[in-house]
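A.B. asks: Take a look at the following structure, please.
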Amino acid sequence: MGYFHNNIRPSVAKLLPGTKSWPSLVLVVLAAGLGMGLFHSFRQLPPLWISLLICLVSLPFAWKWRHGVLLTLAAAAFSWGLWQAESRLAVHWTNARTFSVEGRISSIPQLGGRDYRFQLTPERWSGESPAGKHPAILQIHGSLPELPVVGQRWQLQLHSEALSTLPKSPFADLDRKRFWEGIGGVARIENARLLPPSLWNLGDQIAAARQAVLQATNMALDRESAGFVQALSVGVGNQLSPEIWQVYRDTGTAHLLVISGSHVAVVAGLILWLVQWGWRRIPWLVTRWPAQTAGVLASIPAAWAYASFAGMQIPGERAAWMISAAAIAWLLGRSHQAWQGLALAALLIVLGNPGAMVDVGFWLSLGAVAALVAVGYGEGGWRTLLRSQWAVFIGLLPILAGLFGQISLVSPLANILVIPLVELLAVPLALLGTLLALVDMEWLSRILFRLVAVQMDGITALLSALLHIPFAQVRTGTGRIWALLAATAGLSIFFLPKGWPGRPLALLGLVPLLVPAEGNTNFEVRNLPVHSGMVLFWQKAQDSGVVTANLWKSATRREAGQGLSAVLQQKGLARVSDWVRTDTSTPLPALSATHQWGPPGARNYLQNPRPLSVCRANAPNAPAGMHFVDLGKTAQPCILSWGAGPDLLILGDMDLASLQHLGKVGTQSFQQVQLIFAPASFAANERAFLAGLMPNAAIHYAGDDPFGIWSWQNRHFVQSVSLVRAYWQIADG
């Protein structure tokens, strides 16, 4: 013990920053973050030698000029991200190849129908595996003979598929996220065998413990109640219904259903107390090593063990780094501030995975903790706790508005009411029940699990009631940079030191976010990719509309519903003015519209809450600026035109005879059409006839084309979305 204090402790302490140097650490992290952020702004990778040359050139300045180190660090971070990207691009994936692989499940398996979907980290490849550099992670789907759990090792016979079969999301850039996670291949399971766990492998033991907890909760509770316990204890929330997740997201309390930093802190603090309590009862140990030192040392592996047990999510990893930094600083006798641990955790997470900088969870986790640190969380009584929740709400408002296009005004109230119930009751009971389940005290763990389930049911009911408060949620729209900057500047006043005048004026920062999103003054039309279906969104000023066709398959219907939800959030809209339905297929969930239009000859659609208008020429209350083209038939598809030319034509699902009749109706006027949208179901002869009928028009078959935005500028349609493939959009092999 004396050797530690006299030799090791002073020598290592020299390497750590002291109290006065913590701003320097923050500057180092900011410099590295700026370099990494600059790298992520590139869609195409620049040459690596340029950034390396900047590093070499800046080194002499850093030797004499202290601030030159920041330039070197920024260039080094840029180079690191570039090198990591190039290493991932070296992966080549071959389609339609059957091979075997041994690996470990690295994500929470999701059950859809009879098939599981999960990520697999390969450990051993067979000789028939694709040649070249192998992907770090595979996206797997198929049936399994046993319940899969994170951390299990499986031997799988797989059939490789194209990367384009991976699901998409309009809410996030999943291509980039998968690229940085290392998901370089997708395959279907043909045969599977669970490999026995090894007594000497920590990963196998963690997987076995997680499986035991999942089985214990599923045996004790129904699926939904077990989902609450699993989410609070091991970070598995796939048994909770989408409706429950939506309630927690809409009230700003979804962080309670994932393993957050507070969960890791509770476990680390509990181990610290238990080790100290036991250490003090053994005099021989106390005389050689202080109990407090032993407890602090034990808290470090405890934090990492629980973070790994809970799936090593970003909030858990961030908390483990912060706890480790604080513990090491205490052991070395150095003062430590929370800003140091937060900055160090952010730097290490990004260095481990540069793609974390484009992950929403990374910024929400860091933003919430930064707000808590700014107001001194835990350094006062209940008034400070209330103030901390208000600080988190204020600090995350611009981020939530910019990313999701809506904010929850009941979030502070919901968190104030719910956080004490979850953090002080539900989480400790869930963790204690988990521990008892692992030591085979089944009857007592069942009681605790039931108490947690009853409590979470009551909390969910309370949150659902809060959502019925008027203006509980406000749509702000996305892409309004001026509003986000103004809100950030105004809300930042709240974080000024105590005693500064005008701090209540921070509430004025809410005003820019609450101003309704302005409509686009120019006509704009968007094509949303939904496989073989067609979904078009248009907007002019405050008027908006949607055209849908061929949404017959369930996957296509869900994709259409997600795409429309994302566009409406981006625009700050709760509903559209007009919905033109060319057939009875609908998105899932169904779209909310003031007017619904259907083709002539069609009856009122089933489950249609509003009267159905017929898309006939000169129809009253027609979509603003739009006109219906009438073929003069009793039954015909809806055909929309826009502009004096007309300049835009939107066709429904038509056969060759209807197209020929369309040519007879408007042969002269259609010569000026610039842009045509049609369903991808058009046959080859129908496409050839349409191209000959309107030779000057750009024809886009909605199901075949990628996402695109066209706006009306200077009497022409201009496509404003670049179709240049980014480096993370890997082409199929």
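Starting from 1 in every chain, residues are counted up; chains themselves are A, B, ... following the order of the structure tokens, and ligands are numbered from 1 as listed.
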For A:His263, list every protein, DNA or RNA residue within 10 Å, evaluated using only C-alpha atoms, and leave out those in the same chain fewer than 5 positions away; present the list as a ChimeraX atom specification.
C.D. replies: /A:232-233,256,258,268-269,303,306-307,310,315-316,319,423,427-428,431
A.B. asks: Atoms to include: N, CA and C atoms. Write the selected residues as a short mmCIF file (atom, residue, chain, number, x, y, z; two decimals), in the first residue's frame.
C.D. replies:
```cif
data_model
loop_
_atom_site.label_atom_id
_atom_site.label_comp_id
_atom_site.auth_asym_id
_atom_site.auth_seq_id
_atom_site.Cartn_x
_atom_site.Cartn_y
_atom_site.Cartn_z
N LEU A 232 -35.48 -2.36 -18.49
CA LEU A 232 -34.86 -1.67 -17.36
C LEU A 232 -33.64 -2.39 -16.82
N SER A 233 -33.53 -3.69 -17.07
CA SER A 233 -32.45 -4.47 -16.45
C SER A 233 -31.34 -4.83 -17.43
N LEU A 256 -35.93 6.46 -20.43
CA LEU A 256 -36.12 5.62 -19.25
C LEU A 256 -36.21 4.14 -19.60
N VAL A 258 -34.32 2.60 -21.86
CA VAL A 258 -33.03 2.10 -22.34
C VAL A 258 -32.04 2.19 -21.18
N ALA A 268 -22.58 0.68 -10.31
CA ALA A 268 -21.24 0.98 -9.82
C ALA A 268 -21.28 1.46 -8.37
N GLY A 269 -22.25 2.32 -8.05
CA GLY A 269 -22.36 2.79 -6.67
C GLY A 269 -22.72 1.69 -5.70
N ALA A 303 -18.78 -1.06 -13.46
CA ALA A 303 -19.43 -0.22 -14.48
C ALA A 303 -19.30 -0.83 -15.86
N TYR A 306 -21.46 -4.14 -16.22
CA TYR A 306 -22.90 -3.93 -16.44
C TYR A 306 -23.17 -3.29 -17.80
N ALA A 307 -22.29 -2.38 -18.25
CA ALA A 307 -22.46 -1.80 -19.57
C ALA A 307 -22.40 -2.89 -20.65
N ALA A 310 -25.56 -5.02 -20.52
CA ALA A 310 -26.71 -4.31 -21.09
C ALA A 310 -26.55 -4.02 -22.57
N PRO A 315 -25.12 5.35 -24.32
CA PRO A 315 -25.22 5.94 -22.97
C PRO A 315 -24.48 5.13 -21.92
N GLY A 316 -24.55 3.79 -22.00
CA GLY A 316 -23.83 2.96 -21.04
C GLY A 316 -22.33 3.07 -21.18
N ALA A 319 -21.22 6.43 -19.79
CA ALA A 319 -21.21 6.43 -18.33
C ALA A 319 -20.02 5.64 -17.79
N GLU A 423 -36.27 5.73 -11.47
CA GLU A 423 -34.88 5.62 -11.02
C GLU A 423 -34.76 5.15 -9.58
N VAL A 427 -36.08 0.79 -11.29
CA VAL A 427 -34.75 0.30 -11.69
C VAL A 427 -34.10 -0.53 -10.58
N PRO A 428 -34.05 -0.04 -9.31
CA PRO A 428 -33.46 -0.90 -8.26
C PRO A 428 -34.18 -2.23 -8.09
N LEU A 431 -33.21 -4.47 -11.04
CA LEU A 431 -31.84 -4.97 -10.91
C LEU A 431 -31.73 -6.01 -9.80
#
```
A.B. asks: If you run DSSP on this backbone, which residues of stretch 487-666 of chain A come out as helix (DSSP H, G or I), and could you give them as a ChimeraX atom specification?
C.D. replies: /A:487-495,503-514,554-571,656-665
A.B. asks: Which polymer residues have any atom within 9 Å of an atom of stretch 674-676 of chain A, counting only C-alpha atoms, with same-chain residues fewer than 6 positions away left out, as a ChimeraX atom specification?
C.D. replies: /A:645-651,694,696-701,716-717
A.B. asks: If we count only C-alpha atoms, what is near A:Gly103 at a cut-off of 8 Å, once residues fewer than 4 positions away on the same chain are taken out, given as a list of chain:residue names?
C.D. replies: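 Counting only C-alpha atoms, the residues come to A:Leu120, A:Thr121, A:Pro122, A:Glu123, A:Arg124, A:Arg153, A:Trp154, A:Gln155.
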A.B. asks: Print the selection's residues with C-alpha atoms to a file, as a PDB file, in the first residue's frame.
C.D. replies:
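Writing done, so here's selection32.pdb:
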```pdb
ATOM      1  CA  LEU A 120     -23.686 -11.291 -36.155  1.00  0.00           C
ATOM      2  CA  THR A 121     -19.999 -10.636 -35.478  1.00  0.00           C
ATOM      3  CA  PRO A 122     -18.133 -13.395 -37.381  1.00  0.00           C
ATOM      4  CA  GLU A 123     -15.280 -15.170 -35.612  1.00  0.00           C
ATOM      5  CA  ARG A 124     -14.498 -17.970 -38.066  1.00  0.00           C
ATOM      6  CA  ARG A 153     -22.214 -18.054 -30.366  1.00  0.00           C
ATOM      7  CA  TRP A 154     -23.829 -19.782 -33.347  1.00  0.00           C
ATOM      8  CA  GLN A 155     -22.647 -21.850 -36.277  1.00  0.00           C
TER       9      GLN A 155
END
```
A.B. asks: Neighbours of stretch 390-392 of chain A within 6 Å (only C-alpha atoms; same-chain residues fewer than 3 positions away dropped), as a ChimeraX atom specification?
C.D. replies: /A:368,371,387,395,412
A.B. asks: Write to file, as a CSV table (one decimal), in the first residue's frame, the residues of the selection just made, with C-alpha atoms.
C.D. replies:
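Final output, selection.csv:
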```
chain,number,residue,atom,x,y,z
A,368,ALA,CA,-28.5,15.6,-21.7
A,371,ALA,CA,-27.1,20.1,-19.5
A,387,ARG,CA,-34.0,22.6,-12.2
A,395,GLY,CA,-30.7,22.0,-23.7
A,412,PRO,CA,-40.4,18.6,-18.2
```
A.B. asks: Name the residues of stretch 388-576 of chain A that come out as strand (DSSP E or B) in a backbone DSSP run; write them as a list in words.
C.D. replies: Gln406, Ile407, Ser408, Gln473, Val474, Arg475, Glu524, Val525, Arg526, Asn527, Leu528, Met534, Val535, Leu536, Phe537, Trp538, Gln539, Lys540, Asp543, Ser544, Gly545, Val546, Val547, Thr548, Ala549 and Val576 of chain A
A.B. asks: Please, could you write that set of residues out with N, CA, C and O atoms as a compact mmCIF listing (two decimals), in the first residue's frame?
C.D. replies:
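Generated file (out_25.txt):
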```txt
# COMPACT_ATOMS: atom_id res chain seq x y z
N GLN A 406 -40.45 18.05 -34.24
CA GLN A 406 -41.50 18.26 -33.26
C GLN A 406 -40.89 18.26 -31.86
O GLN A 406 -39.82 17.67 -31.64
N ILE A 407 -41.55 18.91 -30.93
CA ILE A 407 -41.09 18.96 -29.54
C ILE A 407 -42.27 18.64 -28.63
O ILE A 407 -43.44 18.84 -28.99
N SER A 408 -41.94 18.10 -27.46
CA SER A 408 -42.95 17.76 -26.47
C SER A 408 -42.91 18.79 -25.35
O SER A 408 -41.94 18.85 -24.59
N GLN A 473 -47.82 18.35 -27.72
CA GLN A 473 -46.80 18.24 -28.75
C GLN A 473 -46.98 19.36 -29.76
O GLN A 473 -48.11 19.73 -30.10
N VAL A 474 -45.88 19.90 -30.22
CA VAL A 474 -45.90 20.97 -31.21
C VAL A 474 -44.99 20.56 -32.36
O VAL A 474 -43.82 20.19 -32.14
N ARG A 475 -45.50 20.62 -33.58
CA ARG A 475 -44.69 20.33 -34.76
C ARG A 475 -43.94 21.60 -35.16
O ARG A 475 -44.54 22.65 -35.34
N GLU A 524 -43.40 22.46 -55.21
CA GLU A 524 -42.42 21.41 -54.94
C GLU A 524 -43.11 20.07 -54.97
O GLU A 524 -44.22 19.91 -54.44
N VAL A 525 -42.47 19.08 -55.57
CA VAL A 525 -43.02 17.73 -55.61
C VAL A 525 -41.92 16.75 -55.22
O VAL A 525 -40.76 16.89 -55.64
N ARG A 526 -42.26 15.77 -54.38
CA ARG A 526 -41.31 14.78 -53.88
C ARG A 526 -41.78 13.38 -54.26
O ARG A 526 -42.96 13.06 -54.12
N ASN A 527 -40.84 12.59 -54.70
CA ASN A 527 -41.09 11.18 -54.98
C ASN A 527 -40.50 10.35 -53.85
O ASN A 527 -39.29 10.41 -53.60
N LEU A 528 -41.35 9.60 -53.14
CA LEU A 528 -40.89 8.77 -52.04
C LEU A 528 -40.76 7.34 -52.52
O LEU A 528 -41.74 6.76 -53.02
N MET A 534 -46.41 3.88 -55.52
CA MET A 534 -46.14 5.28 -55.86
C MET A 534 -46.69 6.17 -54.75
O MET A 534 -47.86 6.07 -54.38
N VAL A 535 -45.84 7.03 -54.23
CA VAL A 535 -46.24 8.03 -53.25
C VAL A 535 -45.57 9.34 -53.65
O VAL A 535 -44.35 9.44 -53.66
N LEU A 536 -46.39 10.34 -53.99
CA LEU A 536 -45.90 11.67 -54.37
C LEU A 536 -46.45 12.68 -53.39
O LEU A 536 -47.65 12.66 -53.05
N PHE A 537 -45.60 13.57 -52.92
CA PHE A 537 -46.00 14.66 -52.03
C PHE A 537 -45.72 15.98 -52.73
O PHE A 537 -44.63 16.17 -53.27
N TRP A 538 -46.70 16.88 -52.74
CA TRP A 538 -46.46 18.20 -53.32
C TRP A 538 -46.88 19.28 -52.33
O TRP A 538 -47.71 19.06 -51.45
N GLN A 539 -46.29 20.46 -52.49
CA GLN A 539 -46.61 21.58 -51.62
C GLN A 539 -46.40 22.88 -52.37
O GLN A 539 -45.44 23.03 -53.12
N LYS A 540 -47.32 23.80 -52.15
CA LYS A 540 -47.20 25.17 -52.65
C LYS A 540 -47.81 26.08 -51.60
O LYS A 540 -49.02 25.99 -51.33
N ASP A 543 -50.66 24.99 -49.04
CA ASP A 543 -51.42 23.87 -49.59
C ASP A 543 -50.48 22.69 -49.86
O ASP A 543 -49.34 22.88 -50.32
N SER A 544 -50.96 21.50 -49.57
CA SER A 544 -50.14 20.31 -49.76
C SER A 544 -51.03 19.15 -50.17
O SER A 544 -52.25 19.17 -49.95
N GLY A 545 -50.44 18.15 -50.76
CA GLY A 545 -51.21 17.00 -51.20
C GLY A 545 -50.35 15.78 -51.41
O GLY A 545 -49.12 15.85 -51.47
N VAL A 546 -51.01 14.64 -51.53
CA VAL A 546 -50.34 13.35 -51.72
C VAL A 546 -51.10 12.55 -52.76
O VAL A 546 -52.34 12.56 -52.79
N VAL A 547 -50.37 11.87 -53.63
CA VAL A 547 -50.93 10.92 -54.59
C VAL A 547 -50.36 9.55 -54.26
O VAL A 547 -49.14 9.40 -54.12
N THR A 548 -51.23 8.54 -54.10
CA THR A 548 -50.78 7.19 -53.79
C THR A 548 -51.35 6.21 -54.81
O THR A 548 -52.44 6.41 -55.35
N ALA A 549 -50.60 5.14 -55.06
CA ALA A 549 -51.03 4.09 -55.99
C ALA A 549 -50.27 2.82 -55.70
O ALA A 549 -49.09 2.86 -55.28
N VAL A 576 -52.40 16.78 -44.59
CA VAL A 576 -52.29 17.42 -45.89
C VAL A 576 -53.65 17.94 -46.31
O VAL A 576 -54.68 17.55 -45.76
```
A.B. asks: Using only C-alpha atoms, which residue out of A:Val234, A:Ile105, A:Ala226, A:Val567 lies closest to A:Leu435?
C.D. replies: A:Val234
A.B. asks: Report, in Å with one decimal, the straight-line distance from atom CA of A:Val369 to atom CA of A:Leu400.
C.D. replies: 15.2 Å
A.B. asks: One decimal, in Å: what's the spacing between atom CA of A:Leu462 and atom CA of A:Leu413?
C.D. replies: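 Computing the Euclidean distance for atom CA of A:Leu462 and atom CA of A:Leu413 yields 11.2 Å.
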